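Below is the file final-v3.txt, which contains compact mmCIF, C-alpha atoms and all ligand atoms.
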```txt
# COMPACT_ATOMS: atom_id res chain seq x y z
CA THR A 186 -102.88 2.22 88.37
CA ASP A 187 -106.67 2.01 88.37
CA PHE A 188 -108.59 1.13 85.25
CA GLU A 189 -112.27 1.45 84.44
CA THR A 190 -112.87 -1.88 82.74
CA ILE A 191 -110.06 -4.21 83.82
CA ILE A 192 -108.53 -5.24 87.13
CA VAL A 193 -104.75 -5.56 87.20
CA GLU A 194 -103.05 -7.46 90.01
CA ARG A 195 -99.51 -8.66 90.54
CA ARG A 196 -98.75 -12.20 91.68
CA GLU A 197 -95.00 -11.93 92.16
CA ARG A 198 -93.60 -11.67 88.62
CA VAL A 199 -96.95 -12.35 86.94
CA ALA A 200 -99.37 -9.58 85.98
CA LEU A 201 -102.96 -10.80 86.14
CA VAL A 202 -105.51 -8.90 84.06
CA THR A 203 -109.19 -9.61 84.68
CA LEU A 204 -111.70 -8.20 82.20
CA ASN A 205 -114.36 -6.56 84.32
CA ARG A 206 -117.58 -5.67 82.52
CA PRO A 207 -119.71 -8.45 84.00
CA LYS A 208 -123.06 -6.93 82.97
CA ALA A 209 -122.00 -6.98 79.31
CA LEU A 210 -120.26 -10.38 79.46
CA ASN A 211 -116.96 -8.48 79.15
CA ALA A 212 -117.86 -7.05 75.74
CA LEU A 213 -114.79 -5.30 74.43
CA ASN A 214 -115.64 -1.63 74.04
CA PHE A 215 -113.19 1.13 73.22
CA GLN A 216 -112.52 1.74 76.92
CA VAL A 217 -111.43 -1.90 77.40
CA LEU A 218 -109.06 -1.48 74.49
CA ALA A 219 -107.66 1.77 75.92
CA ASP A 220 -107.22 0.16 79.35
CA LEU A 221 -105.51 -2.94 77.93
CA GLN A 222 -103.22 -0.82 75.75
CA ALA A 223 -102.13 1.24 78.74
CA ALA A 224 -101.67 -1.86 80.91
CA PHE A 225 -99.63 -3.70 78.27
CA THR A 226 -97.43 -0.71 77.60
CA GLU A 227 -96.64 -0.69 81.32
CA PHE A 228 -96.02 -4.47 81.46
CA ASP A 229 -93.48 -4.31 78.64
CA ARG A 230 -91.73 -1.44 80.41
CA ASP A 231 -91.78 -2.89 83.93
CA PRO A 232 -88.86 -5.24 84.71
CA ALA A 233 -90.88 -6.74 87.58
CA VAL A 234 -93.31 -8.33 85.09
CA GLY A 235 -92.17 -11.64 83.57
CA ALA A 236 -95.47 -12.87 82.11
CA VAL A 237 -99.07 -11.75 81.76
CA VAL A 238 -102.31 -13.68 82.28
CA ILE A 239 -105.59 -12.36 80.84
CA THR A 240 -108.84 -13.82 82.06
CA GLY A 241 -112.54 -13.02 82.24
CA SER A 242 -115.36 -14.43 84.36
CA ALA A 243 -116.70 -17.95 84.77
CA LYS A 244 -119.47 -17.14 82.28
CA ALA A 245 -117.52 -15.18 79.71
CA PHE A 246 -113.92 -14.55 78.81
CA ALA A 247 -115.40 -11.94 76.46
CA ALA A 248 -118.58 -12.11 74.36
CA GLY A 249 -117.03 -10.05 71.59
CA ALA A 250 -116.67 -6.45 70.59
CA ASP A 251 -119.38 -4.26 72.11
CA ILE A 252 -122.25 -4.57 69.65
CA LYS A 253 -124.24 -1.72 71.21
CA GLU A 254 -121.28 0.63 70.85
CA MET A 255 -120.57 -0.48 67.27
CA ALA A 256 -124.17 -0.50 66.02
CA PRO A 257 -124.46 3.22 65.10
CA LYS A 258 -121.01 3.53 63.53
CA THR A 259 -120.63 4.52 59.89
CA TYR A 260 -117.99 3.45 57.44
CA MET A 261 -116.29 6.83 57.87
CA ASP A 262 -116.25 6.45 61.68
CA MET A 263 -114.61 3.04 61.39
CA PHE A 264 -112.19 4.04 58.65
CA LEU A 265 -111.07 7.38 60.06
CA ASP A 266 -110.72 6.01 63.62
CA ASP A 267 -108.91 2.95 62.19
CA ALA A 268 -111.22 1.02 64.49
CA PHE A 269 -109.67 -2.03 66.17
CA ALA A 270 -106.13 -1.32 64.91
CA GLY A 271 -105.20 -0.68 68.55
CA TRP A 272 -105.63 -4.38 69.30
CA ASP A 273 -102.33 -4.93 67.50
CA ARG A 274 -100.71 -3.55 70.66
CA ILE A 275 -101.74 -6.70 72.57
CA GLY A 276 -100.44 -8.97 69.80
CA CYS A 277 -97.15 -7.05 69.80
CA ALA A 278 -96.55 -7.47 73.53
CA ARG A 279 -92.93 -8.52 73.92
CA LYS A 280 -93.43 -10.46 77.13
CA PRO A 281 -95.19 -13.84 77.18
CA THR A 282 -98.98 -13.65 77.47
CA ILE A 283 -101.42 -16.34 78.54
CA ALA A 284 -105.18 -16.31 77.95
CA ALA A 285 -107.18 -18.19 80.58
CA VAL A 286 -110.57 -18.76 78.96
CA ALA A 287 -113.78 -19.89 80.67
CA GLY A 288 -117.22 -19.54 79.14
CA TYR A 289 -117.81 -17.50 76.01
CA ALA A 290 -114.87 -16.39 73.88
CA LEU A 291 -116.81 -15.10 70.89
CA GLY A 292 -115.90 -12.72 68.10
CA GLY A 293 -113.43 -10.21 69.50
CA GLY A 294 -113.19 -12.40 72.63
CA CYS A 295 -111.90 -15.34 70.60
CA GLU A 296 -109.62 -12.94 68.76
CA LEU A 297 -108.23 -11.50 72.00
CA ALA A 298 -107.49 -15.03 73.23
CA MET A 299 -105.70 -15.73 69.93
CA LEU A 300 -103.58 -12.59 70.38
CA CYS A 301 -102.03 -14.31 73.41
CA ASP A 302 -99.11 -16.74 73.25
CA ILE A 303 -100.59 -19.60 75.27
CA LEU A 304 -104.30 -20.34 75.35
CA ILE A 305 -105.56 -22.38 78.30
CA ALA A 306 -109.24 -23.31 78.31
CA ALA A 307 -111.61 -24.30 81.07
CA ASP A 308 -113.84 -27.24 80.17
CA THR A 309 -116.66 -24.66 79.98
CA ALA A 310 -115.02 -22.59 77.23
CA LYS A 311 -116.88 -21.89 74.00
CA PHE A 312 -115.10 -20.36 71.04
CA GLY A 313 -116.60 -18.87 67.93
CA GLN A 314 -116.62 -16.10 65.34
CA PRO A 315 -120.33 -15.28 65.12
CA GLU A 316 -119.86 -11.94 63.35
CA ILE A 317 -121.49 -13.13 60.13
CA GLY A 318 -124.85 -13.18 61.91
CA LEU A 319 -124.40 -9.47 62.67
CA GLY A 320 -123.67 -8.63 59.06
CA ILE A 321 -119.93 -8.20 59.59
CA ILE A 322 -116.81 -10.36 59.59
CA PRO A 323 -114.10 -10.84 62.25
CA GLY A 324 -112.17 -7.57 62.65
CA ILE A 325 -109.39 -8.24 65.15
CA GLY A 326 -107.61 -10.89 63.13
CA GLY A 327 -110.03 -13.79 63.44
CA SER A 328 -110.13 -14.70 59.75
CA GLN A 329 -106.32 -14.84 59.72
CA ARG A 330 -105.27 -16.15 63.15
CA LEU A 331 -108.05 -18.74 63.43
CA THR A 332 -107.17 -20.06 59.98
CA ARG A 333 -103.49 -20.30 60.86
CA ALA A 334 -104.33 -21.96 64.18
CA ILE A 335 -106.88 -24.56 63.10
CA GLY A 336 -106.69 -24.69 59.31
CA LYS A 337 -109.09 -23.76 56.53
CA ALA A 338 -111.68 -26.50 57.05
CA LYS A 339 -112.69 -25.58 60.58
CA ALA A 340 -112.03 -21.86 60.18
CA MET A 341 -114.40 -21.65 57.22
CA ASP A 342 -116.98 -23.73 59.11
CA LEU A 343 -116.85 -21.40 62.13
CA VAL A 344 -116.61 -18.08 60.26
CA LEU A 345 -119.33 -18.89 57.71
CA THR A 346 -121.86 -20.51 60.06
CA GLY A 347 -121.06 -18.54 63.23
CA ARG A 348 -121.34 -21.72 65.31
CA THR A 349 -119.43 -22.17 68.55
CA MET A 350 -116.85 -24.83 69.30
CA ASP A 351 -116.41 -26.33 72.77
CA ALA A 352 -113.11 -26.74 74.61
CA GLU A 353 -112.63 -30.35 73.46
CA GLU A 354 -113.03 -29.44 69.80
CA ALA A 355 -110.81 -26.39 70.25
CA GLU A 356 -108.03 -28.48 71.74
CA ARG A 357 -108.36 -31.16 69.09
CA ALA A 358 -108.17 -28.46 66.41
CA GLY A 359 -105.04 -26.93 67.92
CA LEU A 360 -106.49 -23.63 69.13
CA VAL A 361 -105.95 -24.43 72.79
CA SER A 362 -102.88 -25.91 74.45
CA ARG A 363 -104.60 -27.40 77.51
CA ILE A 364 -108.03 -27.92 79.00
CA VAL A 365 -108.49 -27.83 82.76
CA PRO A 366 -111.56 -28.09 85.02
CA ALA A 367 -113.20 -24.66 85.31
CA ASP A 368 -112.44 -24.25 89.02
CA GLU A 369 -108.73 -24.88 88.39
CA LEU A 370 -108.40 -22.51 85.44
CA LEU A 371 -106.86 -19.51 87.15
CA ASP A 372 -104.43 -21.57 89.24
CA ALA A 373 -103.34 -23.50 86.16
CA ALA A 374 -102.79 -20.32 84.15
CA LEU A 375 -100.93 -18.60 86.99
CA THR A 376 -98.73 -21.67 87.45
CA VAL A 377 -97.83 -21.70 83.76
CA ALA A 378 -97.19 -17.95 83.90
CA ALA A 379 -95.00 -18.28 87.01
CA THR A 380 -92.98 -21.01 85.31
CA VAL A 381 -92.39 -18.80 82.28
CA ALA A 382 -91.68 -15.76 84.47
CA GLY A 383 -89.04 -17.80 86.33
CA MET A 384 -87.02 -18.24 83.14
CA SER A 385 -84.57 -15.70 81.83
CA LEU A 386 -86.74 -12.81 80.67
CA PRO A 387 -84.70 -11.98 77.55
CA VAL A 388 -84.54 -15.65 76.58
CA ALA A 389 -88.30 -16.04 76.99
CA MET A 390 -88.85 -12.91 74.91
CA ILE A 391 -86.56 -14.20 72.17
CA ALA A 392 -88.21 -17.64 72.26
CA LYS A 393 -91.61 -15.97 71.81
CA GLU A 394 -90.33 -13.81 68.99
CA SER A 395 -88.85 -16.85 67.26
CA VAL A 396 -92.07 -18.90 67.42
CA ASN A 397 -94.06 -15.92 66.14
CA ARG A 398 -91.64 -15.62 63.23
CA ALA A 399 -92.99 -18.95 61.99
CA PHE A 400 -96.23 -17.14 61.11
CA GLU A 401 -94.56 -14.28 59.32
CA THR A 402 -92.00 -15.81 56.98
CA THR A 403 -90.72 -18.70 54.90
CA LEU A 404 -89.18 -21.75 56.57
CA ALA A 405 -85.70 -20.86 55.31
CA GLU A 406 -85.91 -17.30 56.67
CA GLY A 407 -87.45 -18.53 59.92
CA LEU A 408 -84.65 -21.04 60.41
CA ARG A 409 -82.07 -18.38 59.69
CA PHE A 410 -83.71 -16.09 62.24
CA GLU A 411 -83.80 -18.87 64.84
CA ARG A 412 -80.15 -19.75 64.27
CA ARG A 413 -78.98 -16.15 64.62
CA MET A 414 -80.98 -15.81 67.83
CA PHE A 415 -79.66 -19.14 69.09
CA HIS A 416 -76.06 -18.09 68.44
CA SER A 417 -76.62 -14.74 70.17
CA LEU A 418 -77.75 -16.40 73.40
CA PHE A 419 -74.21 -17.68 73.90
CA ALA A 420 -73.30 -14.07 74.64
CA THR A 421 -75.58 -14.09 77.70
CA ASP A 422 -74.88 -14.86 81.35
CA ASP A 423 -78.06 -16.92 81.34
CA GLN A 424 -76.65 -19.48 78.89
CA LYS A 425 -73.52 -19.77 81.04
CA GLU A 426 -75.53 -20.14 84.23
CA GLY A 427 -78.19 -22.44 82.78
CA MET A 428 -75.65 -24.89 81.42
CA ALA A 429 -73.35 -24.68 84.45
CA ALA A 430 -76.31 -25.48 86.69
CA PHE A 431 -77.11 -28.57 84.63
CA VAL A 432 -73.52 -29.78 84.75
CA GLU A 433 -73.30 -29.14 88.51
CA LYS A 434 -76.70 -30.85 89.08
CA ARG A 435 -78.36 -27.78 90.65
CA GLN A 436 -81.08 -25.32 89.77
CA PRO A 437 -80.01 -22.22 87.83
CA ALA A 438 -79.74 -19.12 90.00
CA ASN A 439 -80.02 -15.45 89.09
CA PHE A 440 -81.52 -15.72 85.65
CA THR A 441 -81.85 -12.23 84.20
CA HIS A 442 -85.18 -10.73 85.18
CA ARG A 443 -84.76 -7.27 83.83
C1 LIG B 501 -122.62 -5.82 73.85
C2 LIG B 501 -123.29 -7.71 74.95
C3 LIG B 501 -122.49 -8.52 74.11
C4 LIG B 501 -121.72 -7.86 73.10
C5 LIG B 501 -123.50 -9.79 75.51
N1 LIG B 501 -123.89 -8.55 75.80
N2 LIG B 501 -122.65 -9.80 74.48
N3 LIG B 501 -123.34 -6.39 74.82
N4 LIG B 501 -121.83 -6.52 73.01
N5 LIG B 501 -120.92 -8.54 72.28
C6 LIG B 501 -124.81 -8.14 76.86
C7 LIG B 501 -126.26 -8.44 76.51
O1 LIG B 501 -126.78 -7.44 75.69
C8 LIG B 501 -126.88 -8.45 77.88
O2 LIG B 501 -127.08 -7.15 78.35
C9 LIG B 501 -125.79 -9.06 78.75
O3 LIG B 501 -124.58 -8.87 78.04
C10 LIG B 501 -125.98 -10.53 78.99
O4 LIG B 501 -126.10 -11.17 77.74
P1 LIG B 501 -127.30 -12.15 77.36
O5 LIG B 501 -127.38 -12.20 75.89
O6 LIG B 501 -128.53 -11.81 78.13
O7 LIG B 501 -126.73 -13.53 77.94
P2 LIG B 501 -127.08 -15.00 77.42
O8 LIG B 501 -128.55 -15.12 77.09
O9 LIG B 501 -126.50 -15.91 78.45
O10 LIG B 501 -126.28 -15.16 76.05
C11 LIG B 501 -124.85 -15.12 76.04
C12 LIG B 501 -124.35 -14.96 74.59
C13 LIG B 501 -125.05 -13.72 73.96
C14 LIG B 501 -124.68 -16.21 73.77
C15 LIG B 501 -122.83 -14.78 74.65
O11 LIG B 501 -124.90 -12.60 74.86
C16 LIG B 501 -124.46 -13.32 72.64
O12 LIG B 501 -124.76 -13.92 71.63
N6 LIG B 501 -123.68 -12.24 72.62
C17 LIG B 501 -123.13 -11.68 71.39
C18 LIG B 501 -122.02 -12.56 70.86
C19 LIG B 501 -121.47 -12.01 69.58
O13 LIG B 501 -122.18 -11.90 68.54
N7 LIG B 501 -120.18 -11.63 69.58
C20 LIG B 501 -119.56 -11.07 68.42
C21 LIG B 501 -119.62 -9.59 68.50
S1 LIG B 501 -118.98 -8.84 67.04
P3 LIG B 501 -128.55 -6.50 78.48
O14 LIG B 501 -128.27 -5.22 79.21
O15 LIG B 501 -129.01 -6.29 77.09
O16 LIG B 501 -129.34 -7.48 79.24
C22 LIG B 501 -117.34 -8.86 67.25
C23 LIG B 501 -116.57 -8.26 66.14
C24 LIG B 501 -115.13 -8.19 66.46
O17 LIG B 501 -116.81 -9.30 68.19
C25 LIG B 501 -114.39 -7.59 65.36
C26 LIG B 501 -114.60 -6.17 65.16
C27 LIG B 501 -115.42 -5.86 63.97
```
Could the structure of this file be written out as structure tokens, please?
Amino acid sequence: TDFETIIVERRERVALVTLNRPKALNALNFQVLADLQAAFTEFDRDPAVGAVVITGSAKAFAAGADIKEMAPKTYMDMFLDDAFAGWDRIGCARKPTIAAVAGYALGGGCELAMLCDILIAADTAKFGQPEIGLGIIPGIGGSQRLTRAIGKAKAMDLVLTGRTMDAEEAERAGLVSRIVPADELLDAALTVAATVAGMSLPVAMIAKESVNRAFETTLAEGLRFERRMFHSLFATDDQKEGMAAFVEKRQPANFTHR
């Protein structure tokens, strides 16, 4: 399928999404959202996709929501359109998602990266929630996800001052899982994605769901959820094959990919 604002490619079982509005530093307008929603709906449906990588350009992952598009909007426009609610679709993707971030990930760009499961940063990455300088606040989950990711101290600092944080600080704070040299970013992200996509798809989906549960519930409920999921995996061929392969000192074959 062709999209207006994103490029979608397949690298074996990995879907690679490249944000493609270079003249606007990949500002996230409503067309980008529509394109991503359509692409993600397809990825979740398509058994040939085992993991998704989202990336931008060397200069910008995404410099935020499109300020020029938002500027004339009224309260009623935003309220009646339920503006930005559609981004939940990306956060609700059932398959594992990886953000590969180089350059600016600001405002909605930082929030899009945080909607992904694994966040890999180039050493050139810059994260921030500069909305306050525009007279607004984060609107795609930044005040909530950033706070959960890096804690109140740094989240307040970033959200109230609008300053940016470099890749080193972002990794130290726990926003980012790895930093790689900028020219190795895409390869690193695709390698991680291929590794995940090589696992049993249902097991990877359940692992993702279980980790995400940690952000939604109490420890006792989360542990109960994990244990039920863990028990249920013993009904799968993949548990039988994975453990047999270990015992027989070989690689597992035929993990479920649909
Ligand atoms: C629309 C944008 C944009 C954005 C950049 N551009 N960011 N257009 N929305 N968020 C456009 C510029 O207008 C310019 O186009 C072109 O991209 C290149 O940008 P420059 O500013 O010339 O580049 P540079 O000087 O290198 O500065 C890069 C930058 C700066 C520091 C990232 O562009 C910047 O501050 N951008 C805005 C960052 C921001 O405030 N993001 C938060 C948005 S609010 P023209 O044609 O004019 O030359 C948000 C809210 C989300 O995300 C939640 C919903 C409420």
List as number ranges by chain the protein and nucleic acid residues near A:Thr282, meaning an atom at most 12 Å away when only C-alpha atoms are counted, but skip any in the same chain fewer than 6 places from it. A: 199-202, 225, 228-229, 234-240, 275-276, 297-305, 374-375, 377-379, 381-382, 389-390, 393
Expected file contents, prior selection, C-alpha atoms, as a PDB file, in the coordinates of the input:
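again-v6.pdb was written with the following content:
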```pdb
ATOM      1  CA  VAL A 199     -96.950 -12.350  86.940  1.00  0.00           C
ATOM      2  CA  ALA A 200     -99.370  -9.580  85.980  1.00  0.00           C
ATOM      3  CA  LEU A 201    -102.960 -10.800  86.140  1.00  0.00           C
ATOM      4  CA  VAL A 202    -105.510  -8.900  84.060  1.00  0.00           C
ATOM      5  CA  PHE A 225     -99.630  -3.700  78.270  1.00  0.00           C
ATOM      6  CA  PHE A 228     -96.020  -4.470  81.460  1.00  0.00           C
ATOM      7  CA  ASP A 229     -93.480  -4.310  78.640  1.00  0.00           C
ATOM      8  CA  VAL A 234     -93.310  -8.330  85.090  1.00  0.00           C
ATOM      9  CA  GLY A 235     -92.170 -11.640  83.570  1.00  0.00           C
ATOM     10  CA  ALA A 236     -95.470 -12.870  82.110  1.00  0.00           C
ATOM     11  CA  VAL A 237     -99.070 -11.750  81.760  1.00  0.00           C
ATOM     12  CA  VAL A 238    -102.310 -13.680  82.280  1.00  0.00           C
ATOM     13  CA  ILE A 239    -105.590 -12.360  80.840  1.00  0.00           C
ATOM     14  CA  THR A 240    -108.840 -13.820  82.060  1.00  0.00           C
ATOM     15  CA  ILE A 275    -101.740  -6.700  72.570  1.00  0.00           C
ATOM     16  CA  GLY A 276    -100.440  -8.970  69.800  1.00  0.00           C
ATOM     17  CA  LEU A 297    -108.230 -11.500  72.000  1.00  0.00           C
ATOM     18  CA  ALA A 298    -107.490 -15.030  73.230  1.00  0.00           C
ATOM     19  CA  MET A 299    -105.700 -15.730  69.930  1.00  0.00           C
ATOM     20  CA  LEU A 300    -103.580 -12.590  70.380  1.00  0.00           C
ATOM     21  CA  CYS A 301    -102.030 -14.310  73.410  1.00  0.00           C
ATOM     22  CA  ASP A 302     -99.110 -16.740  73.250  1.00  0.00           C
ATOM     23  CA  ILE A 303    -100.590 -19.600  75.270  1.00  0.00           C
ATOM     24  CA  LEU A 304    -104.300 -20.340  75.350  1.00  0.00           C
ATOM     25  CA  ILE A 305    -105.560 -22.380  78.300  1.00  0.00           C
ATOM     26  CA  ALA A 374    -102.790 -20.320  84.150  1.00  0.00           C
ATOM     27  CA  LEU A 375    -100.930 -18.600  86.990  1.00  0.00           C
ATOM     28  CA  VAL A 377     -97.830 -21.700  83.760  1.00  0.00           C
ATOM     29  CA  ALA A 378     -97.190 -17.950  83.900  1.00  0.00           C
ATOM     30  CA  ALA A 379     -95.000 -18.280  87.010  1.00  0.00           C
ATOM     31  CA  VAL A 381     -92.390 -18.800  82.280  1.00  0.00           C
ATOM     32  CA  ALA A 382     -91.680 -15.760  84.470  1.00  0.00           C
ATOM     33  CA  ALA A 389     -88.300 -16.040  76.990  1.00  0.00           C
ATOM     34  CA  MET A 390     -88.850 -12.910  74.910  1.00  0.00           C
ATOM     35  CA  LYS A 393     -91.610 -15.970  71.810  1.00  0.00           C
TER      36      LYS A 393
END
```
Please, which residues have at least one atom within 8 Å of an atom of ligand LIG 501 (chain B), using only C-alpha atoms and all ligand atoms, listed as a PyMOL selection string? chain A and resi 207-214+245+247-254+268-269+289+291-294+296+314-316+318-319+321-327
Fewer than 3 positions away in the same chain doesn't count, so skip those; otherwise give me all residues within 12 Å of A:Met341, counting all atoms listed in the file, as a ChimeraX atom specification. /A:313-315,317,322-323,327-329,331-333,335-338,344-348
Could you give me, as number ranges by chain, the residues that sit within 8 Å of (-110.8, -22.4, 78.7) in the file's coordinates, counting only C-alpha atoms? A: 285-288, 304-311, 352, 361, 364-365, 367, 370
Quick one, how far is atom CA of A:Leu371 from atom CA of A:Val193?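 Distance reported for this atom pair: 14.1 Å.
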Name the residues in contact with A:Leu221 at a cut-off of 9 Å, using all atoms listed in the file, excluding same-chain residues fewer than 6 positions from it; report them as an MDAnalysis selection string. chainID A and resid 188 190:191 202 272 274:275
